[in-house]
Structure formats: C-alpha cells, structure tokens
Amino acid sequence: MSNNLCKQYQKCNAPMCPMDENSLRCIWYPDEGICMSSAYANLVWIKAQKKIVKALAQTNRYFTLEMLTTKCVIRKGITGLDPDYEEKPQMQRWLKEHPAKRMLSEEEKKVRTQRIKKYQFSSKNNRPSLKGQDSIL
C-alpha cells in the first residue's frame with residue numbers, strides 16, 4: 001500500500017489493513033496494531049479487535065479475519081488460536097464455542113423494554129423501586 005491511499009500510513013503498524021486485501025489473509029495477535037483510520041473505524045472486525053484488546057486477551061494467541069467478523073460476545077478471557085497447533089480443528093472448536101449473537105424479534109424487544117420501564121431509580125441512594133409504589137424508606 002502506498003502512503004497516497006491512507007493518511008495514517010506513516011504511523012500505522014497494523015498487520016491487517018482494510019485497504020490491502022492480501023493483509024486480510026494474515027493473522028492478528030492482540031498486542032499488534034489496529035487500523036487507525038477513522039474511515040474504517042466502523043468495520044466489524046476493527047471493532048472486534050478493539051474489544052479483544054480491551055478484554056485483555058492473551059497476546060500469545062492469534063485471531064483470523066473469520067474469527068473477527070463473527071458477531072459473537074467478546075468478554076474478558078476470550079482467547080484466540082494457539083500457533084503451536086493445527087489451525088483447522090482449533091478454528092472449528094472456537095466457532096462452536098463462540099456462536100454469533102442472536103438477534104431479538106420485535107416482540108422480545110418490547111417485552112424487555114417493558115421490564116426495564118417497570119423499574120425507576122429514585123434519587124435517594126440510587127436504589128431501584130417499583131414504579132407506582134411508595135418507597136419504604
């Protein structure tokens with residue numbers, strides 16, 4: 001990639017670049033750089049990289065683009081693949097253990113919204129109380 005294409009070219013040390021298709025076939029370790037271009041900040045896999053770094057993932061395990069584009073829950077303790085073992089069986093296990101998030105139906109969203117609205121927070125001690133009921137305190 002040439003510096004004419006990206007304003008961050010001189011500062012960026014990301015092994016995976018949205019402007020370089022060949023780099024997207026590589027692997028990424030959590031201690032490596034992430035694309036700094038604001039033009040690509042909303043890409044699913046760049047957001048996933050940032051979440052993985054925040055979750056303090058082990059830096060000796062790697063992630064592939066397929067793993068980064070899986071819209072799974074990323075939380076503390078997430079681990080990538082071990083470079084000392086064959087990738088294919090590890091990848092199958094990883095994808096099975098990290099299924100994509102399920103989208104809620106409109107009905108499920110309404111039910112959850114009603115449950116949340118049922119509670120209000122009083123200004124005293126930030127304790128939740130049921131709406132419409134007087135506080136005992």
# chains A, B, ... in the order shown; residues from 1 in each chain; ligands from 1
$ closest_atom_pairs --of "segment 95-116 of chain A" --to "segment 59-66 of chain A" --cutoff "12 Å" --atoms "only C-alpha atoms" --output "CSV"
residue,atom,partner,partner_atom,distance
A:Leu95,CA,A:Glu66,CA,9.2
A:His98,CA,A:Glu66,CA,11.8
A:Ala100,CA,A:Glu66,CA,11.8
$ select_by_dssp --residues "chain A" --states "strand (DSSP E or B)" --output "ChimeraX atom specification"
/A:28,62-63,81,119-121,128-130
$ write_last_selection --atoms "N, CA and C atoms" --output "CSV table (one decimal), in the first residue's frame"
chain,number,residue,atom,x,y,z
A,28,TRP,N,-3.8,-12.0,13.4
A,28,TRP,CA,-3.6,-10.9,14.2
A,28,TRP,C,-3.5,-11.3,15.7
A,62,TYR,N,-3.6,-16.0,18.5
A,62,TYR,CA,-4.0,-15.2,17.3
A,62,TYR,C,-5.4,-15.3,16.9
A,63,PHE,N,-5.9,-14.4,16.1
A,63,PHE,CA,-7.2,-14.3,15.6
A,63,PHE,C,-7.1,-14.1,14.1
A,81,LEU,N,-6.4,-18.6,18.8
A,81,LEU,CA,-5.9,-19.9,18.4
A,81,LEU,C,-4.4,-20.0,18.8
A,119,TYR,N,-39.1,-0.5,36.3
A,119,TYR,CA,-38.3,0.0,37.4
A,119,TYR,C,-37.9,1.4,37.2
A,120,GLN,N,-37.8,2.2,38.2
A,120,GLN,CA,-37.3,3.5,38.1
A,120,GLN,C,-36.3,3.7,39.3
A,121,PHE,N,-35.4,4.6,39.1
A,121,PHE,CA,-34.4,4.8,40.1
A,121,PHE,C,-34.7,6.1,40.9
A,128,PRO,N,-33.3,1.0,43.2
A,128,PRO,CA,-34.5,0.8,42.3
A,128,PRO,C,-35.7,0.6,43.2
A,129,SER,N,-36.8,1.2,42.7
A,129,SER,CA,-38.1,0.9,43.4
A,129,SER,C,-39.1,0.7,42.3
A,130,LEU,N,-40.1,-0.1,42.6
A,130,LEU,CA,-41.2,-0.4,41.6
A,130,LEU,C,-41.9,0.9,41.3
$ select_by_dssp --residues "chain A" --states "alpha helix (DSSP H)" --output "VMD selection string"
chain A and resid 44 to 54 65 to 69 87 to 97 106 to 117
$ closest_residue --among "A:Cys12, A:Leu56, A:Leu24, A:Glu106" --to "Lys76 of chain A" --atoms "only C-alpha atoms"
A:Leu56
$ residues_around --residues "Lys11 of chain A" --least-positions-apart "5" --cutoff "12 Å" --atoms "only C-alpha atoms" --output "list in words"
Asn3, Cys6, Gly33, Ile34, Cys35, Met36 and Ser37 of chain A
$ write_last_selection --atoms "C-alpha atoms" --output "PDB file, in the first residue's frame"
ATOM      1  CA  ASN A   3       1.102   6.466   1.504  1.00  0.00           C
ATOM      2  CA  CYS A   6      -4.077   6.315   3.568  1.00  0.00           C
ATOM      3  CA  GLY A  33      -1.587  -2.661  15.904  1.00  0.00           C
ATOM      4  CA  ILE A  34      -5.132  -1.905  14.783  1.00  0.00           C
ATOM      5  CA  CYS A  35      -6.050   0.263  11.806  1.00  0.00           C
ATOM      6  CA  MET A  36      -6.084   3.885  12.969  1.00  0.00           C
ATOM      7  CA  SER A  37      -8.016   5.350  10.038  1.00  0.00           C
TER       8      SER A  37
END
$ atom_distance --atom1 "atom CA of Lys51 of chain A" --atom2 "atom CA of Pro18 of chain A"
17.7 Å
$ closest_residue --among "A:Ile116, A:Met103, A:Ala14, A:Val44" --to "Tyr29 of chain A" --atoms "only C-alpha atoms"
A:Ala14
$ closest_residue --among "A:Leu68, A:Cys17, A:Leu104, A:Leu5" --to "Ala48 of chain A" --atoms "only C-alpha atoms"
A:Leu68
$ closest_residue --among "A:Gln58, A:Pro89, A:Gln8, A:Lys71" --to "Leu43 of chain A" --atoms "only C-alpha atoms"
A:Lys71
$ residues_around --residues "Ile52 of chain A" --least-positions-apart "4" --cutoff "8 Å" --atoms "only C-alpha atoms" --output "JSON, numbers by chain"
{"A": [30, 48, 56, 57, 74, 75, 78]}
$ closest_residue --among "A:Lys47, A:Val73, A:Lys7, A:Pro83" --to "Pro99 of chain A" --atoms "only C-alpha atoms"
A:Val73
